[in-house]
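Visitor: Mind having a look at this structure? Questions to follow.
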Amino acid sequence: MAAYNLAGRRDNKYKARLKITVFEGGLEAFRDAVEAEFARTRAAFSGVDQALLAEIEAAFAPPALPLRDAGAYHAAWAADADFRAFATQNVVAHKVPGYGIVTVSLKAHGATPGDATAAQMRKLADLADAYSAGELRISHEQNVILPHVALADLPALHRALAAAGLGTANAGLISDIIACPGMDYCALATARSIPVAQELATHFKALGLEQEIGQIKIKISGCINACGHHHVGHIGILGLDRAGVENYQITLGGDATERAAIGEKTGPGFAYDEIVPAIERILRAYLALRQAPEETFIETFRRLGAAPFKAALYDEGARDAA
Amino acid sequence: MYDYTDFDEAFVRGRVAQFRAQVARRLDGSLSEDEFRPFRLMNGVYLQLHAYMLRVAIPYGTLSARQMRALADIADRWDKGYGHFTTRQNIQFNWPKLGDIPDILGALADVGMHAIQTSGNTIRNVTADHFAAAAADEIEDPRPVAELIRQWSTDHPEFQFLPRKFKIAITGSPNDRAVTRAHDIGLRMVRAKGLPGDRGGL
Ligand code: SF4
């Protein structure tokens with residue numbers, strides 16, 4: 001922090017982030033500056049206050065999660081297709097046997113990603129008290145997580161969520177889009193992002209292709225500040241302003257995980273009313289190109305690179321058809 | 001869950017009182033918008049396209065049911081009945097009146113929450129794996145370290161006017177759900193030899 005505080009640019013706010021400091025001066029020079037700072041302060045540094053850390057750790061002691069009979073879970077799984085879809089899509093394994101981590105989607109089709117009404121927040125608080133040791137999480141993907149749910153309670157939780165309009169079984173699917181506030185709220189925006197997310201979600205639902213397409217991360221930002229993390233979306237959409245008109249640049253192959261990658265720009269951008277058909281061309285190409293339904297979009301992209309997707313994206317014939 | 005100590009609580013209350021006086025001076029015209037700007041940016045208040053916006057910190061994305069209810073009450077009482085969860089695990093209220101914001105910050109302090117360092121060229125809310133302490137693949141809960149960084153960075157005198165905002169993310173799992181590689185500093189816990197017990201190193 002001290003090295004960045006000294007070396008970071010203060011003459012141009014668009015060039016002031018650490019990544020630019022490192023890019024312009026080189027990683028070696030920055031590393032040397034960090035080492036020099038450490039050498040200067042090392043004598044006075046006595047390490048992390050272990051008593052304080054122990055106190056904090058004690059506050060994060062895990063809740064008691066007793067073993068429960070999961071009969072209700074298996075019965076609901078056998079009897080209820082909606083429950084199966086929810087349990088498959090929105091629940092992952094917990095470190096404690098018999099428990100799951102539940103993602104409550106704030107991405108109902110056509111809704112603003114990440115918005116929650118006061119009534120929904122209260123409902124989530126009540127459900128956290130009833131089923132998740134009183135604890136909730138917010139994910140950077142703009143969903144709410146109930147981290148400690150007994151599988152035995154999952155059918156009752158699912159019924160309660162569905163009744164509150166919070167049962168959308170789309171975690172990780174195409175409608176689970178990250179979008180920044182964009183032109184609807186943000187003073188820095190160069191284009192809308194929320195309506196693009198809403199139209200993509202409703203469009204692919206109407207096509208009935210959500211399940212077919214499977215796991216994919218679409219991320220949308222309304223300007224180069226990239227609050228919507230578009231660079232690291234499997235498909236990234238960046239809204240720009242071209243002479244007063246919204247223009248959306250597409251990137252492909254970004255990845256936000258431990259295999260992090262910055263998406264590759266496809267080429268010329270698209271007007272607001274062209275962006276949904278453009279994304280559809282990319283995804284129809286994926287469906288045609290994948291080796292098997294299990295091969296996800298990003299896996300197909302890694303195998304083939306951007307070329308076949310770009311061909312589909314800029315193919316005039318396909319553009320007329322879509 | 002981590003509850004605020006008396007020290008944390010006194011600090012947050014002091015900040016609310018200070019900001020209340022600054023807002024009063026803005027509203028009676030003794031501060032211009034330009035003069036007020038650095039003060040509001042210390043307290044998570046942005047001026048957006050249509051209104052002021054308040055961004056509330058949700059440290060490492062963890063909330064208690066009681067805190068979630070307080071957010072609902074704020075949405076009903078001082079906003080338009082909803083809030084917006086962000087890509088850095090915070091919540092934004094898009095329609096508060098400036099004169100109400102000190103009361104909102106007071107209501108947040110009642111449940112151990114605040115809006116400090118959610119704006120400005122500071123070290124922002126430290127984000128963490130949203131499956132922390134639950135994920136089957138986890139080495140260790142990353143949140144105690146995130147909380148340690150929160151305490152260290154809050155009001156750190158050297159780092160209140162950085163060249164630009166600064167973002168830190170931490171994960172305790174090999175499968176990175178916290179986007180650590182796209183942050184100014186990304187911290188990953190790994191299994192390390194020579195540490196007591198089964199502890200992870202950073
Ligand atoms: S990416 Fe740009 S438009 Fe979107 S929230 Fe960030 S600053 Fe605003």
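Lettering and numbering for the structure tokens are positional, with chains as A, B, ... in the shown order, residues counted from 1 in each chain, and ligands counted from 1 in the shown order.
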Give the residues of chain A that lie within 6 Å of chain B; count only C-alpha atoms, and format the answer as a VMD selection string.
Guide: chain A and resid 5 8 10 16 to 17 56 to 57 59 to 60 94 to 95 114 to 118 121 to 122 125 134 to 142 185 to 187 256 to 258
Visitor: Can you pull out every residue with an atom within 7 Å of ligand 1? Use only C-alpha atoms and all ligand atoms and format it as a ChimeraX atom specification.
Guide: /A:180-183,186-190,221-228
Visitor: Can you tell me, as a count of residues only, what residues are no more than 8 Å from segment 234-240 of chain A when counting only C-alpha atoms, ignoring any on the same chain fewer than 2 positions away?
Guide: 32
Visitor: Mind listing the helix (DSSP H, G or I) residues of segment 28-253 of chain A, per DSSP on the backbone, as an mmCIF file with N, CA and C atoms, in the first residue's frame?
Guide:
data_model
loop_
_atom_site.group_PDB
_atom_site.id
_atom_site.type_symbol
_atom_site.label_atom_id
_atom_site.label_comp_id
_atom_site.auth_asym_id
_atom_site.auth_seq_id
_atom_site.Cartn_x
_atom_site.Cartn_y
_atom_site.Cartn_z
ATOM 1 N N GLU A 28 8.815 -5.637 -11.917
ATOM 2 C CA GLU A 28 10.079 -5.673 -11.167
ATOM 3 C C GLU A 28 10.266 -4.403 -10.346
ATOM 4 N N ALA A 29 10.050 -3.271 -10.988
ATOM 5 C CA ALA A 29 10.264 -1.983 -10.317
ATOM 6 C C ALA A 29 9.304 -1.859 -9.130
ATOM 7 N N PHE A 30 8.067 -2.327 -9.331
ATOM 8 C CA PHE A 30 7.112 -2.203 -8.233
ATOM 9 C C PHE A 30 7.486 -3.152 -7.089
ATOM 10 N N ARG A 31 7.917 -4.348 -7.471
ATOM 11 C CA ARG A 31 8.347 -5.316 -6.452
ATOM 12 C C ARG A 31 9.518 -4.731 -5.640
ATOM 13 N N ASP A 32 10.456 -4.112 -6.335
ATOM 14 C CA ASP A 32 11.590 -3.495 -5.646
ATOM 15 C C ASP A 32 11.119 -2.412 -4.675
ATOM 16 N N ALA A 33 10.140 -1.632 -5.091
ATOM 17 C CA ALA A 33 9.633 -0.556 -4.232
ATOM 18 C C ALA A 33 8.975 -1.149 -2.983
ATOM 19 N N VAL A 34 8.241 -2.276 -3.159
ATOM 20 C CA VAL A 34 7.603 -2.934 -2.013
ATOM 21 C C VAL A 34 8.674 -3.477 -1.064
ATOM 22 N N GLU A 35 9.705 -4.098 -1.636
ATOM 23 C CA GLU A 35 10.790 -4.650 -0.807
ATOM 24 C C GLU A 35 11.499 -3.537 -0.039
ATOM 25 N N ALA A 36 11.748 -2.414 -0.717
ATOM 26 C CA ALA A 36 12.436 -1.299 -0.071
ATOM 27 C C ALA A 36 11.592 -0.770 1.093
ATOM 28 N N GLU A 37 10.284 -0.678 0.876
ATOM 29 C CA GLU A 37 9.388 -0.206 1.928
ATOM 30 C C GLU A 37 9.405 -1.187 3.113
ATOM 31 N N PHE A 38 9.408 -2.479 2.779
ATOM 32 C CA PHE A 38 9.401 -3.503 3.826
ATOM 33 C C PHE A 38 10.699 -3.439 4.632
ATOM 34 N N ALA A 39 11.823 -3.255 3.926
ATOM 35 C CA ALA A 39 13.118 -3.151 4.615
ATOM 36 C C ALA A 39 13.109 -1.950 5.572
ATOM 37 N N ARG A 40 12.463 -0.886 5.134
ATOM 38 C CA ARG A 40 12.441 0.335 5.933
ATOM 39 C C ARG A 40 11.605 0.152 7.213
ATOM 40 N N THR A 41 10.485 -0.583 7.095
ATOM 41 C CA THR A 41 9.553 -0.663 8.227
ATOM 42 C C THR A 41 9.693 -1.954 9.020
ATOM 43 N N ARG A 42 10.492 -2.884 8.508
ATOM 44 C CA ARG A 42 10.537 -4.217 9.092
ATOM 45 C C ARG A 42 10.878 -4.216 10.581
ATOM 46 N N ALA A 43 11.848 -3.383 10.959
ATOM 47 C CA ALA A 43 12.309 -3.375 12.356
ATOM 48 C C ALA A 43 11.152 -3.068 13.303
ATOM 49 N N ALA A 44 10.227 -2.220 12.854
ATOM 50 C CA ALA A 44 9.129 -1.813 13.727
ATOM 51 C C ALA A 44 7.946 -2.783 13.667
ATOM 52 N N GLN A 50 -1.385 -11.589 17.645
ATOM 53 C CA GLN A 50 -1.974 -12.934 17.665
ATOM 54 C C GLN A 50 -3.186 -13.018 18.595
ATOM 55 N N ALA A 51 -3.167 -12.246 19.681
ATOM 56 C CA ALA A 51 -4.304 -12.269 20.601
ATOM 57 C C ALA A 51 -5.549 -11.709 19.899
ATOM 58 N N LEU A 52 -5.339 -10.627 19.145
ATOM 59 C CA LEU A 52 -6.461 -10.028 18.416
ATOM 60 C C LEU A 52 -6.993 -11.002 17.368
ATOM 61 N N LEU A 53 -6.064 -11.621 16.628
ATOM 62 C CA LEU A 53 -6.493 -12.562 15.593
ATOM 63 C C LEU A 53 -7.267 -13.729 16.222
ATOM 64 N N ALA A 54 -6.793 -14.212 17.361
ATOM 65 C CA ALA A 54 -7.481 -15.322 18.034
ATOM 66 C C ALA A 54 -8.886 -14.902 18.462
ATOM 67 N N GLU A 55 -9.005 -13.672 18.918
ATOM 68 C CA GLU A 55 -10.317 -13.157 19.327
ATOM 69 C C GLU A 55 -11.274 -13.092 18.130
ATOM 70 N N ILE A 56 -10.750 -12.615 17.014
ATOM 71 C CA ILE A 56 -11.583 -12.532 15.805
ATOM 72 C C ILE A 56 -11.974 -13.940 15.359
ATOM 73 N N GLU A 57 -10.996 -14.845 15.362
ATOM 74 C CA GLU A 57 -11.293 -16.220 14.917
ATOM 75 C C GLU A 57 -12.376 -16.851 15.775
ATOM 76 N N ALA A 58 -12.328 -16.566 17.071
ATOM 77 C CA ALA A 58 -13.340 -17.137 17.962
ATOM 78 C C ALA A 58 -14.743 -16.651 17.572
ATOM 79 N N ALA A 59 -14.805 -15.401 17.107
ATOM 80 C CA ALA A 59 -16.109 -14.839 16.718
ATOM 81 C C ALA A 59 -16.654 -15.513 15.460
ATOM 82 N N GLY A 71 -34.730 -37.699 5.118
ATOM 83 C CA GLY A 71 -35.849 -38.362 4.442
ATOM 84 C C GLY A 71 -36.721 -37.394 3.660
ATOM 85 N N ALA A 72 -37.021 -36.237 4.247
ATOM 86 C CA ALA A 72 -37.890 -35.256 3.586
ATOM 87 C C ALA A 72 -37.273 -34.792 2.270
ATOM 88 N N TYR A 73 -35.935 -34.677 2.281
ATOM 89 C CA TYR A 73 -35.225 -34.252 1.071
ATOM 90 C C TYR A 73 -35.419 -35.287 -0.039
ATOM 91 N N HIS A 74 -35.203 -36.556 0.302
ATOM 92 C CA HIS A 74 -35.308 -37.597 -0.725
ATOM 93 C C HIS A 74 -36.736 -37.740 -1.233
ATOM 94 N N ALA A 75 -37.696 -37.575 -0.345
ATOM 95 C CA ALA A 75 -39.098 -37.672 -0.765
ATOM 96 C C ALA A 75 -39.437 -36.545 -1.741
ATOM 97 N N ALA A 76 -39.008 -35.325 -1.410
ATOM 98 C CA ALA A 76 -39.303 -34.192 -2.295
ATOM 99 C C ALA A 76 -38.587 -34.356 -3.630
ATOM 100 N N TRP A 77 -37.360 -34.869 -3.557
ATOM 101 C CA TRP A 77 -36.590 -35.093 -4.787
ATOM 102 C C TRP A 77 -37.348 -36.044 -5.720
ATOM 103 N N ALA A 78 -37.915 -37.086 -5.156
ATOM 104 C CA ALA A 78 -38.619 -38.083 -5.969
ATOM 105 C C ALA A 78 -39.932 -37.532 -6.513
ATOM 106 N N ALA A 79 -40.570 -36.651 -5.756
ATOM 107 C CA ALA A 79 -41.956 -36.292 -6.086
ATOM 108 C C ALA A 79 -42.095 -34.983 -6.859
ATOM 109 N N ALA A 81 -40.699 -32.022 -9.438
ATOM 110 C CA ALA A 81 -39.727 -31.614 -10.463
ATOM 111 C C ALA A 81 -39.169 -30.219 -10.190
ATOM 112 N N ASP A 82 -40.012 -29.318 -9.676
ATOM 113 C CA ASP A 82 -39.518 -27.969 -9.378
ATOM 114 C C ASP A 82 -38.445 -28.019 -8.294
ATOM 115 N N PHE A 83 -38.699 -28.859 -7.303
ATOM 116 C CA PHE A 83 -37.716 -28.994 -6.228
ATOM 117 C C PHE A 83 -36.412 -29.564 -6.768
ATOM 118 N N ARG A 84 -36.533 -30.562 -7.625
ATOM 119 C CA ARG A 84 -35.318 -31.162 -8.213
ATOM 120 C C ARG A 84 -34.514 -30.108 -8.962
ATOM 121 N N ALA A 85 -35.215 -29.281 -9.749
ATOM 122 C CA ALA A 85 -34.521 -28.232 -10.517
ATOM 123 C C ALA A 85 -33.810 -27.280 -9.568
ATOM 124 N N PHE A 86 -34.500 -26.905 -8.494
ATOM 125 C CA PHE A 86 -33.913 -25.964 -7.535
ATOM 126 C C PHE A 86 -32.715 -26.592 -6.832
ATOM 127 N N ALA A 87 -32.885 -27.828 -6.376
ATOM 128 C CA ALA A 87 -31.813 -28.497 -5.632
ATOM 129 C C ALA A 87 -30.602 -28.738 -6.532
ATOM 130 N N THR A 88 -30.852 -28.989 -7.808
ATOM 131 C CA THR A 88 -29.754 -29.228 -8.745
ATOM 132 C C THR A 88 -29.007 -27.935 -9.043
ATOM 133 N N GLN A 89 -29.779 -26.877 -9.300
ATOM 134 C CA GLN A 89 -29.187 -25.644 -9.800
ATOM 135 C C GLN A 89 -28.645 -24.744 -8.689
ATOM 136 N N ASN A 90 -29.348 -24.676 -7.569
ATOM 137 C CA ASN A 90 -29.060 -23.626 -6.580
ATOM 138 C C ASN A 90 -28.474 -24.130 -5.270
ATOM 139 N N ALA A 118 -37.922 -4.694 0.260
ATOM 140 C CA ALA A 118 -37.879 -4.795 1.721
ATOM 141 C C ALA A 118 -38.573 -6.074 2.179
ATOM 142 N N ALA A 119 -39.689 -6.410 1.534
ATOM 143 C CA ALA A 119 -40.419 -7.626 1.926
ATOM 144 C C ALA A 119 -39.558 -8.868 1.688
ATOM 145 N N GLN A 120 -38.842 -8.869 0.563
ATOM 146 C CA GLN A 120 -37.978 -10.028 0.281
ATOM 147 C C GLN A 120 -36.834 -10.106 1.297
ATOM 148 N N MET A 121 -36.276 -8.948 1.651
ATOM 149 C CA MET A 121 -35.183 -8.957 2.644
ATOM 150 C C MET A 121 -35.686 -9.508 3.979
ATOM 151 N N ARG A 122 -36.899 -9.091 4.377
ATOM 152 C CA ARG A 122 -37.439 -9.598 5.657
ATOM 153 C C ARG A 122 -37.675 -11.098 5.585
ATOM 154 N N LYS A 123 -38.214 -11.528 4.446
ATOM 155 C CA LYS A 123 -38.462 -12.967 4.272
ATOM 156 C C LYS A 123 -37.139 -13.732 4.362
ATOM 157 N N LEU A 124 -36.112 -13.212 3.720
ATOM 158 C CA LEU A 124 -34.811 -13.886 3.751
ATOM 159 C C LEU A 124 -34.248 -13.924 5.170
ATOM 160 N N ALA A 125 -34.455 -12.828 5.924
ATOM 161 C CA ALA A 125 -33.984 -12.799 7.315
ATOM 162 C C ALA A 125 -34.716 -13.877 8.124
ATOM 163 N N ASP A 126 -36.030 -13.981 7.940
ATOM 164 C CA ASP A 126 -36.805 -14.997 8.671
ATOM 165 C C ASP A 126 -36.331 -16.408 8.297
ATOM 166 N N LEU A 127 -36.102 -16.615 6.996
ATOM 167 C CA LEU A 127 -35.683 -17.952 6.550
ATOM 168 C C LEU A 127 -34.267 -18.272 7.042
ATOM 169 N N ALA A 128 -33.424 -17.248 7.140
ATOM 170 C CA ALA A 128 -32.078 -17.475 7.691
ATOM 171 C C ALA A 128 -32.189 -17.898 9.149
ATOM 172 N N ASP A 129 -33.078 -17.242 9.891
ATOM 173 C CA ASP A 129 -33.267 -17.633 11.291
ATOM 174 C C ASP A 129 -33.800 -19.063 11.396
ATOM 175 N N ALA A 130 -34.743 -19.391 10.520
ATOM 176 C CA ALA A 130 -35.371 -20.712 10.605
ATOM 177 C C ALA A 130 -34.451 -21.821 10.107
ATOM 178 N N TYR A 131 -33.668 -21.531 9.066
ATOM 179 C CA TYR A 131 -32.989 -22.638 8.372
ATOM 180 C C TYR A 131 -31.486 -22.475 8.153
ATOM 181 N N LEU A 151 -30.270 -30.448 4.638
ATOM 182 C CA LEU A 151 -31.022 -30.980 3.487
ATOM 183 C C LEU A 151 -32.437 -31.343 3.905
ATOM 184 N N ALA A 152 -32.590 -31.756 5.167
ATOM 185 C CA ALA A 152 -33.925 -32.097 5.687
ATOM 186 C C ALA A 152 -34.879 -30.913 5.592
ATOM 187 N N ASP A 153 -34.347 -29.700 5.692
ATOM 188 C CA ASP A 153 -35.187 -28.494 5.656
ATOM 189 C C ASP A 153 -35.376 -27.938 4.251
ATOM 190 N N LEU A 154 -34.647 -28.491 3.296
ATOM 191 C CA LEU A 154 -34.625 -27.883 1.970
ATOM 192 C C LEU A 154 -36.018 -27.834 1.303
ATOM 193 N N PRO A 155 -36.831 -28.897 1.417
ATOM 194 C CA PRO A 155 -38.161 -28.803 0.789
ATOM 195 C C PRO A 155 -38.997 -27.652 1.366
ATOM 196 N N ALA A 156 -38.980 -27.496 2.683
ATOM 197 C CA ALA A 156 -39.764 -26.413 3.299
ATOM 198 C C ALA A 156 -39.202 -25.053 2.893
ATOM 199 N N LEU A 157 -37.872 -24.953 2.854
ATOM 200 C CA LEU A 157 -37.245 -23.695 2.447
ATOM 201 C C LEU A 157 -37.622 -23.362 1.006
ATOM 202 N N HIS A 158 -37.571 -24.362 0.146
ATOM 203 C CA HIS A 158 -37.896 -24.125 -1.262
ATOM 204 C C HIS A 158 -39.334 -23.648 -1.426
ATOM 205 N N ARG A 159 -40.266 -24.267 -0.697
ATOM 206 C CA ARG A 159 -41.673 -23.821 -0.767
ATOM 207 C C ARG A 159 -41.794 -22.359 -0.340
ATOM 208 N N ALA A 160 -41.121 -22.005 0.751
ATOM 209 C CA ALA A 160 -41.222 -20.629 1.269
ATOM 210 C C ALA A 160 -40.611 -19.633 0.285
ATOM 211 N N LEU A 161 -39.483 -20.001 -0.309
ATOM 212 C CA LEU A 161 -38.845 -19.110 -1.282
ATOM 213 C C LEU A 161 -39.739 -18.930 -2.507
ATOM 214 N N ALA A 162 -40.276 -20.034 -3.009
ATOM 215 C CA ALA A 162 -41.119 -19.958 -4.205
ATOM 216 C C ALA A 162 -42.327 -19.061 -3.937
ATOM 217 N N ALA A 163 -42.907 -19.188 -2.743
ATOM 218 C CA ALA A 163 -44.090 -18.381 -2.416
ATOM 219 C C ALA A 163 -43.740 -16.895 -2.365
ATOM 220 N N GLY A 182 -25.292 0.978 -14.402
ATOM 221 C CA GLY A 182 -25.314 1.589 -15.732
ATOM 222 C C GLY A 182 -26.120 2.884 -15.789
ATOM 223 N N MET A 183 -26.573 3.191 -16.998
ATOM 224 C CA MET A 183 -27.226 4.478 -17.269
ATOM 225 C C MET A 183 -28.506 4.699 -16.465
ATOM 226 N N ASP A 184 -29.069 3.640 -15.914
ATOM 227 C CA ASP A 184 -30.298 3.831 -15.129
ATOM 228 C C ASP A 184 -30.040 4.601 -13.840
ATOM 229 N N ILE A 194 -28.629 -2.631 -17.090
ATOM 230 C CA ILE A 194 -29.731 -3.418 -16.504
ATOM 231 C C ILE A 194 -30.722 -3.902 -17.579
ATOM 232 N N PRO A 195 -31.189 -3.025 -18.475
ATOM 233 C CA PRO A 195 -32.162 -3.518 -19.476
ATOM 234 C C PRO A 195 -31.578 -4.589 -20.390
ATOM 235 N N VAL A 196 -30.272 -4.540 -20.642
ATOM 236 C CA VAL A 196 -29.656 -5.580 -21.480
ATOM 237 C C VAL A 196 -29.739 -6.924 -20.746
ATOM 238 N N ALA A 197 -29.438 -6.897 -19.445
ATOM 239 C CA ALA A 197 -29.529 -8.132 -18.654
ATOM 240 C C ALA A 197 -30.961 -8.653 -18.645
ATOM 241 N N GLN A 198 -31.913 -7.758 -18.454
ATOM 242 C CA GLN A 198 -33.318 -8.182 -18.396
ATOM 243 C C GLN A 198 -33.762 -8.804 -19.713
ATOM 244 N N GLU A 199 -33.364 -8.173 -20.818
ATOM 245 C CA GLU A 199 -33.803 -8.698 -22.126
ATOM 246 C C GLU A 199 -33.131 -10.028 -22.444
ATOM 247 N N LEU A 200 -31.850 -10.161 -22.087
ATOM 248 C CA LEU A 200 -31.185 -11.453 -22.321
ATOM 249 C C LEU A 200 -31.888 -12.554 -21.529
ATOM 250 N N ALA A 201 -32.199 -12.265 -20.255
ATOM 251 C CA ALA A 201 -32.818 -13.294 -19.407
ATOM 252 C C ALA A 201 -34.176 -13.711 -19.945
ATOM 253 N N THR A 202 -35.008 -12.746 -20.305
ATOM 254 C CA THR A 202 -36.355 -13.110 -20.780
ATOM 255 C C THR A 202 -36.280 -13.763 -22.160
ATOM 256 N N HIS A 203 -35.349 -13.310 -22.996
ATOM 257 C CA HIS A 203 -35.241 -13.855 -24.346
ATOM 258 C C HIS A 203 -34.876 -15.344 -24.318
ATOM 259 N N PHE A 204 -33.843 -15.688 -23.536
ATOM 260 C CA PHE A 204 -33.422 -17.098 -23.538
ATOM 261 C C PHE A 204 -34.412 -17.989 -22.803
ATOM 262 N N LYS A 205 -35.147 -17.408 -21.864
ATOM 263 C CA LYS A 205 -36.203 -18.191 -21.227
ATOM 264 C C LYS A 205 -37.298 -18.490 -22.254
ATOM 265 N N ALA A 206 -37.672 -17.460 -23.016
ATOM 266 C CA ALA A 206 -38.722 -17.646 -24.023
ATOM 267 C C ALA A 206 -38.292 -18.676 -25.072
ATOM 268 N N LEU A 207 -37.013 -18.680 -25.418
ATOM 269 C CA LEU A 207 -36.518 -19.668 -26.385
ATOM 270 C C LEU A 207 -36.475 -21.082 -25.785
ATOM 271 N N GLU A 210 -32.389 -22.145 -21.749
ATOM 272 C CA GLU A 210 -31.551 -21.932 -20.556
ATOM 273 C C GLU A 210 -30.849 -23.192 -20.087
ATOM 274 N N GLN A 211 -31.642 -24.255 -19.879
ATOM 275 C CA GLN A 211 -31.077 -25.512 -19.384
ATOM 276 C C GLN A 211 -30.135 -26.108 -20.415
ATOM 277 N N GLU A 212 -30.539 -26.006 -21.674
ATOM 278 C CA GLU A 212 -29.750 -26.557 -22.773
ATOM 279 C C GLU A 212 -28.355 -25.910 -22.814
ATOM 280 N N ILE A 213 -28.305 -24.604 -22.647
ATOM 281 C CA ILE A 213 -27.020 -23.890 -22.693
ATOM 282 C C ILE A 213 -26.175 -24.194 -21.453
ATOM 283 N N HIS A 230 -17.024 -7.190 -16.673
ATOM 284 C CA HIS A 230 -17.213 -7.784 -18.009
ATOM 285 C C HIS A 230 -15.961 -8.454 -18.560
ATOM 286 N N HIS A 231 -14.769 -7.945 -18.175
ATOM 287 C CA HIS A 231 -13.527 -8.557 -18.696
ATOM 288 C C HIS A 231 -13.428 -10.034 -18.363
ATOM 289 N N VAL A 232 -13.980 -10.414 -17.210
ATOM 290 C CA VAL A 232 -13.820 -11.795 -16.771
ATOM 291 C C VAL A 232 -15.102 -12.609 -16.941
#
Visitor: Return the single residue from B:Arg55, B:Arg13, B:His156, B:Thr118 that is closest to Met1 of chain A, with distances computed using only C-alpha atoms.
Guide: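 For Met1 of chain A, the nearest of the candidates is B:His156.
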Visitor: Which residues come within 9 Å of Thr21 of chain A, counting only C-alpha atoms, excluding same-chain residues fewer than 2 positions away, as a PDB file with C-alpha atoms, in the first residue's frame?
Guide:
ATOM      1  CA  TYR A   4       1.457   2.285  -4.399  1.00  0.00           C
ATOM      2  CA  ALA A   7       4.135   5.539  -7.069  1.00  0.00           C
ATOM      3  CA  GLY A   8       0.490   5.647  -8.194  1.00  0.00           C
ATOM      4  CA  ARG A   9      -0.360   8.430 -10.615  1.00  0.00           C
ATOM      5  CA  LYS A  15      -4.457   5.935 -14.944  1.00  0.00           C
ATOM      6  CA  ALA A  16      -4.344   5.874 -11.161  1.00  0.00           C
ATOM      7  CA  ARG A  17      -5.219   2.264 -10.318  1.00  0.00           C
ATOM      8  CA  LEU A  18      -2.466  -0.093  -9.164  1.00  0.00           C
ATOM      9  CA  LYS A  19      -2.695  -2.153 -12.362  1.00  0.00           C
ATOM     10  CA  PHE A  23       1.895  -1.901 -16.143  1.00  0.00           C
ATOM     11  CA  GLU A  24       3.675   1.394 -16.773  1.00  0.00           C
ATOM     12  CA  GLY A  25       6.634   0.916 -14.422  1.00  0.00           C
ATOM     13  CA  GLY A  26       6.946  -2.852 -14.736  1.00  0.00           C
ATOM     14  CA  LEU A  27       6.383  -5.557 -12.124  1.00  0.00           C
ATOM     15  CA  PHE A  30       7.112  -2.203  -8.233  1.00  0.00           C
TER      16      PHE A  30
END
Visitor: Using Å and a single decimal, report how far atom CA of Ile101 of chain B sits from atom CA of Tyr52 of chain B.
Guide: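 Straight-line distance from atom CA of Tyr52 of chain B to atom CA of Ile101 of chain B works out to 9.5 Å.
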Visitor: Name all residues at most 7 Å from segment 103-117 of chain B (count only C-alpha atoms; drop same-chain ones fewer than 4 positions away) and give them as a list of chain:residue names.
Guide: B:Tyr4, B:Glu9, B:Val12, B:Arg13, B:Val16, B:Met42, B:Asn43, B:Gly44, B:Arg55, B:Val56, B:Ala57, B:Gln67, B:Ile74, B:Thr122, B:Ile123, B:Arg124, B:Asn125
Visitor: Determine the nearest neighbour of Gln215 of chain A from the options A:Pro293, A:Pro147, A:Gly110, A:Gly269, counting only C-alpha atoms.
Guide: A:Pro293
